[in-house]
Amino acid sequence: MATAAPVETAAMRRAIELAARGLGHTSPNPVVGCVVLDSAGRTAGEGWHQRAGGPHAEVHALRAAGERARGGTALVTLEPCNHTGRTGPCAQALIDAGIARVVYAVSDPNPTATGGAVTLADAGVDVEGGLLADEAAAGNEAWLTSVLRRRPFVLWKYAATLDGRIAAADGTSRWISSPQSRADVHRLRAASDAVIVGSGTARADDPQLGARISGLADDEVSQPLRVVVDSGATAVKAGARVLDGTAPTLIAVAEDADAGHLEGLAPIVRLPRAADGRGLHIPALLQALHEREVRSVLLEGGPTLAGAFLAAGAVDKVVGYLAPVLLGAGPAAVGDAGITTIAQALRLDVTGTERLGPDLRITATPIRHALNEEN
């Protein structure tokens, strides 16, 4: 934004950093950061949205700034809200505090909350939007996706050898990836509303799917909803680790499945089968999760489930952990995704690479799923 002073750009970058502290704690709300500068351009207060139902970022920052906010500037990663929910409208709070200028990064696409910029301008506040919009949108990608597409944001994670195998020919897979990569997966779980596996993974690995982060007590780590896609209601049985009480569990079964034995073990949701009869209808699964206020999903299932999500166009980001290992045989990372020719290949934009111990973590986004498609 051409009219933003360097001090404002620096403050917005700080606000984006602050917003990230709310990941895993604010759903179904967005993550938001705010920095208040006094009339001389010095930082007077900072804040971020810390938990759903709690004060918004602007309120925390204004409280920290106190009287220094009067005549100052507020830098906010998301357009200040304009509605009263569990908390009051932030636009009005900024007006009441005497803020003279508001600069926000991303416009609020939520129809129940939008309009804050207009309210501020009508009250005589100087308002501008779009500063570091791409950076702020990336930090809020899960919430923005849920609002724009009316389904949860889906991150597909997998670990594989350099030749694309997720297990050896005899089915053994522990451990392809390094301890550093596995610790990173736990951070992804803690930042997600739900983690999903399929019946094959449930049978083969008996996964627990909770999040554990070194240095943090159990009660300091947000636990995702553990979802098992078990269309035939045959994979989850009493004593399964996914039922251990560490985190809530949901079992998704087909509408016609005999699931009487699951009663009392965990909540179940019945969904239509996929059109080809294999597995469940992925859009229906995502709709059911969205109705349960799930805004972000970590897909950890095996190749069959990954292929089904890809075929449904329901993968928004891919994180692959590539280990410097060769197997030569064994299951591939992804199964049938409905792609039969190279012209149909799903092209990805690599947005990040990082070394984790001996492994390489690659982050990529399907090009046809760019967030700004709807903007």
# chains A, B, ... in the order shown; residues from 1 in each chain; ligands from 1
>>> residues_around(residues="A:Glu8", least_positions_apart="4", cutoff="12 Å", atoms="only C-alpha atoms", output="ChimeraX atom specification")
/A:1-4,12-15,34-38,40-43,72-77,101-105,128,131-132
>>> residues_around(residues="stretch 159-163 of chain A", least_positions_apart="4", cutoff="9 Å", atoms="only C-alpha atoms", output="compact mmCIF listing (two decimals) with all heavy atoms, in the first residue's frame")
# COMPACT_ATOMS: atom_id res chain seq x y z
N ALA A 167 5.63 -46.93 2.89
CA ALA A 167 5.88 -48.15 3.66
C ALA A 167 6.66 -49.11 2.77
O ALA A 167 6.70 -48.96 1.54
CB ALA A 167 4.57 -48.79 4.12
N ILE A 176 9.97 -44.10 8.78
CA ILE A 176 10.53 -43.51 7.56
C ILE A 176 11.04 -42.11 7.85
O ILE A 176 12.15 -41.75 7.48
CB ILE A 176 9.47 -43.49 6.44
CG1 ILE A 176 9.28 -44.91 5.87
CG2 ILE A 176 9.87 -42.53 5.32
CD1 ILE A 176 8.20 -45.01 4.82
N SER A 177 10.25 -41.32 8.54
CA SER A 177 10.63 -39.93 8.80
C SER A 177 11.39 -39.83 10.11
O SER A 177 11.38 -40.73 10.95
CB SER A 177 9.39 -39.04 8.83
OG SER A 177 8.50 -39.45 9.87
N SER A 181 10.78 -34.54 12.10
CA SER A 181 9.58 -34.46 11.27
C SER A 181 8.35 -34.87 12.05
O SER A 181 7.29 -34.25 11.94
CB SER A 181 9.75 -35.34 10.03
OG SER A 181 10.72 -34.83 9.16
N VAL A 319 1.77 -30.86 2.76
CA VAL A 319 3.06 -30.86 3.44
C VAL A 319 3.63 -32.26 3.34
O VAL A 319 3.05 -33.22 3.87
CB VAL A 319 2.93 -30.44 4.93
CG1 VAL A 319 4.26 -30.64 5.65
CG2 VAL A 319 2.50 -28.98 5.03
N GLY A 320 4.73 -32.38 2.63
CA GLY A 320 5.38 -33.68 2.47
C GLY A 320 6.71 -33.72 3.18
O GLY A 320 7.52 -32.80 3.06
N TYR A 321 6.95 -34.77 3.96
CA TYR A 321 8.22 -34.99 4.64
C TYR A 321 8.97 -36.07 3.85
O TYR A 321 8.58 -37.23 3.86
CB TYR A 321 7.99 -35.44 6.08
CG TYR A 321 7.21 -34.44 6.91
CD1 TYR A 321 5.82 -34.50 6.97
CD2 TYR A 321 7.86 -33.43 7.62
CE1 TYR A 321 5.10 -33.57 7.72
CE2 TYR A 321 7.15 -32.51 8.37
CZ TYR A 321 5.77 -32.58 8.42
OH TYR A 321 5.05 -31.66 9.16
N LEU A 322 10.01 -35.68 3.16
CA LEU A 322 10.75 -36.61 2.32
C LEU A 322 12.02 -37.04 3.04
O LEU A 322 12.88 -36.20 3.39
CB LEU A 322 11.10 -35.95 0.99
CG LEU A 322 9.90 -35.53 0.12
CD1 LEU A 322 10.40 -34.99 -1.21
CD2 LEU A 322 8.94 -36.69 -0.10
N ALA A 323 12.13 -38.34 3.27
CA ALA A 323 13.28 -38.89 3.96
C ALA A 323 14.31 -39.39 2.96
O ALA A 323 13.93 -39.93 1.91
CB ALA A 323 12.84 -40.03 4.88
N PRO A 324 15.61 -39.25 3.24
CA PRO A 324 16.65 -39.73 2.33
C PRO A 324 16.79 -41.25 2.42
O PRO A 324 17.78 -41.79 2.88
CB PRO A 324 17.91 -38.99 2.82
CG PRO A 324 17.66 -38.78 4.28
CD PRO A 324 16.18 -38.54 4.41
N VAL A 325 15.74 -41.92 1.96
CA VAL A 325 15.64 -43.38 2.03
C VAL A 325 15.08 -43.87 0.70
O VAL A 325 14.24 -43.20 0.10
CB VAL A 325 14.68 -43.81 3.18
CG1 VAL A 325 14.51 -45.32 3.21
CG2 VAL A 325 15.18 -43.29 4.52
N LEU A 326 15.52 -45.02 0.26
CA LEU A 326 14.98 -45.66 -0.94
C LEU A 326 14.46 -47.05 -0.58
O LEU A 326 15.12 -47.79 0.13
CB LEU A 326 16.05 -45.76 -2.03
CG LEU A 326 16.62 -44.44 -2.55
CD1 LEU A 326 17.76 -44.72 -3.52
CD2 LEU A 326 15.54 -43.61 -3.21
N LEU A 327 13.27 -47.38 -1.08
CA LEU A 327 12.69 -48.70 -0.83
C LEU A 327 12.49 -49.50 -2.11
O LEU A 327 12.60 -50.72 -2.12
CB LEU A 327 11.35 -48.56 -0.10
CG LEU A 327 11.42 -48.22 1.38
CD1 LEU A 327 10.03 -47.92 1.95
CD2 LEU A 327 12.07 -49.34 2.17
N GLY A 328 12.16 -48.84 -3.19
CA GLY A 328 12.01 -49.54 -4.46
C GLY A 328 10.68 -50.22 -4.66
O GLY A 328 10.26 -50.48 -5.78
N ALA A 329 10.00 -50.55 -3.58
CA ALA A 329 8.68 -51.18 -3.65
C ALA A 329 7.89 -50.77 -2.41
O ALA A 329 8.45 -50.27 -1.43
CB ALA A 329 8.80 -52.70 -3.72
N ALA A 332 2.50 -46.33 -2.56
CA ALA A 332 2.83 -44.94 -2.87
C ALA A 332 2.09 -44.01 -1.93
O ALA A 332 1.14 -44.41 -1.23
CB ALA A 332 2.48 -44.63 -4.31
N ALA A 333 2.50 -42.74 -1.92
CA ALA A 333 1.91 -41.78 -1.00
C ALA A 333 0.44 -41.51 -1.29
O ALA A 333 -0.34 -41.21 -0.40
CB ALA A 333 2.70 -40.48 -1.03
>>> closest_atom_pairs(of="stretch 275-366 of chain A", to="stretch 193-212 of chain A", cutoff="8 Å", atoms="only C-alpha atoms", output="tab-separated table")
residue	atom	partner	partner_atom	distance
A:Val294	CA	A:Asp193	CA	5.5
A:Arg295	CA	A:Asp193	CA	6.3
A:Ser296	CA	A:Asp193	CA	5.2
A:Val297	CA	A:Ala194	CA	4.8
A:Leu298	CA	A:Val195	CA	4.6
A:Leu299	CA	A:Ile196	CA	4.9
A:Glu300	CA	A:Val197	CA	5.3
A:Gly301	CA	A:Val197	CA	3.9
A:Gly302	CA	A:Thr201	CA	6.1
A:Leu305	CA	A:Gly198	CA	6.1
>>> write_last_selection(atoms="C-alpha atoms", output="compact mmCIF listing (two decimals), in the first residue's frame")
# COMPACT_ATOMS: atom_id res chain seq x y z
CA VAL A 294 -14.38 -27.53 12.36
CA ARG A 295 -12.56 -24.93 10.30
CA SER A 296 -9.24 -26.70 9.67
CA VAL A 297 -8.46 -30.34 8.97
CA LEU A 298 -5.17 -32.22 8.98
CA LEU A 299 -5.54 -35.18 6.63
CA GLU A 300 -3.25 -37.98 7.80
CA GLY A 301 -4.94 -40.87 6.07
CA GLY A 302 -3.23 -43.33 3.76
CA LEU A 305 -8.18 -41.49 1.50
>>> select_by_dssp(residues="stretch 11-246 of chain A", states="alpha helix (DSSP H)", output="number ranges by chain")
A: 11-20, 57-65, 90-96, 116-122, 133-139, 141-149, 179-190, 199-205
>>> select_by_dssp(residues="stretch 142-336 of chain A", states="strand (DSSP E or B)", output="PyMOL selection string")
chain A and resi 153-161+165+194-198+225-229+249-254+268-271+273+280+296-299+317-323+332
>>> write_last_selection(atoms="N, CA and C atoms", output="CSV table (one decimal), in the first residue's frame")
chain,number,residue,atom,x,y,z
A,153,PHE,N,-10.8,-25.9,5.8
A,153,PHE,CA,-9.5,-25.9,5.1
A,153,PHE,C,-8.8,-27.3,5.3
A,154,VAL,N,-8.3,-27.9,4.3
A,154,VAL,CA,-7.7,-29.2,4.4
A,154,VAL,C,-6.2,-29.2,4.0
A,155,LEU,N,-5.4,-29.6,5.0
A,155,LEU,CA,-4.0,-29.8,4.8
A,155,LEU,C,-3.7,-31.2,4.8
A,156,TRP,N,-3.1,-31.7,3.7
A,156,TRP,CA,-2.8,-33.1,3.6
A,156,TRP,C,-1.3,-33.3,3.9
A,157,LYS,N,-1.0,-34.1,4.9
A,157,LYS,CA,0.3,-34.4,5.3
A,157,LYS,C,0.7,-35.8,5.0
A,158,TYR,N,1.9,-36.0,4.5
A,158,TYR,CA,2.4,-37.4,4.3
A,158,TYR,C,3.9,-37.4,4.5
A,159,ALA,N,4.4,-38.6,4.9
A,159,ALA,CA,5.8,-38.8,5.0
A,159,ALA,C,6.2,-40.0,4.0
A,160,ALA,N,7.3,-39.8,3.2
A,160,ALA,CA,7.6,-40.8,2.2
A,160,ALA,C,9.1,-40.8,2.0
A,161,THR,N,9.6,-41.9,1.4
A,161,THR,CA,10.9,-42.0,1.0
A,161,THR,C,11.1,-41.1,-0.3
A,165,ARG,N,7.6,-43.8,-1.5
A,165,ARG,CA,7.0,-44.9,-0.8
A,165,ARG,C,6.7,-44.5,0.7
A,194,ALA,N,-9.3,-30.6,13.5
A,194,ALA,CA,-9.5,-32.0,13.4
A,194,ALA,C,-8.4,-32.7,12.6
A,195,VAL,N,-8.2,-34.0,12.9
A,195,VAL,CA,-7.2,-34.8,12.2
A,195,VAL,C,-8.0,-36.0,11.7
A,196,ILE,N,-7.8,-36.4,10.4
A,196,ILE,CA,-8.6,-37.4,9.8
A,196,ILE,C,-7.7,-38.6,9.3
A,197,VAL,N,-8.1,-39.8,9.6
A,197,VAL,CA,-7.5,-41.0,9.0
A,197,VAL,C,-8.6,-41.9,8.5
A,198,GLY,N,-8.2,-42.8,7.6
A,198,GLY,CA,-9.1,-43.8,7.1
A,198,GLY,C,-9.1,-45.1,7.8
A,225,LEU,N,-10.1,-32.7,17.1
A,225,LEU,CA,-11.1,-33.8,17.0
A,225,LEU,C,-10.5,-34.9,16.2
A,226,ARG,N,-10.5,-36.1,16.7
A,226,ARG,CA,-10.0,-37.2,15.9
A,226,ARG,C,-11.1,-37.9,15.1
A,227,VAL,N,-10.9,-37.9,13.8
A,227,VAL,CA,-12.0,-38.4,12.9
A,227,VAL,C,-11.5,-39.6,12.2
A,228,VAL,N,-12.2,-40.7,12.3
A,228,VAL,CA,-11.9,-41.9,11.6
A,228,VAL,C,-12.9,-42.2,10.5
A,229,VAL,N,-12.5,-42.2,9.2
A,229,VAL,CA,-13.4,-42.5,8.1
A,229,VAL,C,-13.5,-44.0,8.0
A,249,THR,N,-13.4,-37.9,19.8
A,249,THR,CA,-13.3,-38.7,18.6
A,249,THR,C,-14.7,-38.7,17.9
A,250,LEU,N,-14.6,-38.8,16.5
A,250,LEU,CA,-15.8,-38.9,15.7
A,250,LEU,C,-15.6,-40.0,14.7
A,251,ILE,N,-16.5,-40.9,14.6
A,251,ILE,CA,-16.4,-42.0,13.6
A,251,ILE,C,-17.4,-41.8,12.5
A,252,ALA,N,-16.9,-41.6,11.3
A,252,ALA,CA,-17.8,-41.4,10.1
A,252,ALA,C,-18.0,-42.8,9.4
A,253,VAL,N,-19.3,-43.1,9.3
A,253,VAL,CA,-19.6,-44.4,8.7
A,253,VAL,C,-20.7,-44.2,7.6
A,254,ALA,N,-20.8,-45.2,6.7
A,254,ALA,CA,-21.8,-45.1,5.7
A,254,ALA,C,-23.2,-45.2,6.2
A,268,ILE,N,-20.9,-41.1,16.4
A,268,ILE,CA,-20.8,-41.5,15.0
A,268,ILE,C,-21.6,-40.5,14.1
A,269,VAL,N,-21.2,-40.4,12.9
A,269,VAL,CA,-22.0,-39.6,11.9
A,269,VAL,C,-22.1,-40.5,10.7
A,270,ARG,N,-23.4,-40.6,10.2
A,270,ARG,CA,-23.7,-41.4,9.0
A,270,ARG,C,-23.7,-40.5,7.8
A,271,LEU,N,-23.0,-40.9,6.8
A,271,LEU,CA,-22.9,-40.1,5.6
A,271,LEU,C,-23.1,-41.0,4.3
A,273,ARG,N,-22.4,-42.8,0.8
A,273,ARG,CA,-21.2,-43.3,0.1
A,273,ARG,C,-20.8,-42.5,-1.1
A,280,LEU,N,-16.6,-42.9,1.6
A,280,LEU,CA,-17.7,-41.9,1.8
A,280,LEU,C,-17.6,-40.7,0.9
A,296,SER,N,-10.5,-26.2,10.3
A,296,SER,CA,-9.2,-26.7,9.7
A,296,SER,C,-9.1,-28.2,9.9
A,297,VAL,N,-8.6,-28.9,8.9
A,297,VAL,CA,-8.5,-30.3,9.0
A,297,VAL,C,-7.0,-30.7,8.6
A,298,LEU,N,-6.4,-31.6,9.3
A,298,LEU,CA,-5.2,-32.2,9.0
A,298,LEU,C,-5.5,-33.6,8.5
A,299,LEU,N,-5.3,-33.9,7.2
A,299,LEU,CA,-5.5,-35.2,6.6
A,299,LEU,C,-4.3,-36.0,6.8
A,317,LYS,N,-3.7,-27.5,0.9
A,317,LYS,CA,-2.2,-27.4,1.0
A,317,LYS,C,-1.7,-28.8,1.2
A,318,VAL,N,-0.5,-29.0,0.8
A,318,VAL,CA,0.2,-30.3,1.0
A,318,VAL,C,1.5,-30.1,1.7
A,319,VAL,N,1.8,-30.9,2.8
A,319,VAL,CA,3.1,-30.9,3.4
A,319,VAL,C,3.6,-32.3,3.3
A,320,GLY,N,4.7,-32.4,2.6
A,320,GLY,CA,5.4,-33.7,2.5
A,320,GLY,C,6.7,-33.7,3.2
A,321,TYR,N,6.9,-34.8,4.0
A,321,TYR,CA,8.2,-35.0,4.6
A,321,TYR,C,9.0,-36.1,3.8
A,322,LEU,N,10.0,-35.7,3.2
A,322,LEU,CA,10.8,-36.6,2.3
A,322,LEU,C,12.0,-37.0,3.0
A,323,ALA,N,12.1,-38.3,3.3
A,323,ALA,CA,13.3,-38.9,4.0
A,323,ALA,C,14.3,-39.4,3.0
A,332,ALA,N,2.5,-46.3,-2.6
A,332,ALA,CA,2.8,-44.9,-2.9
A,332,ALA,C,2.1,-44.0,-1.9
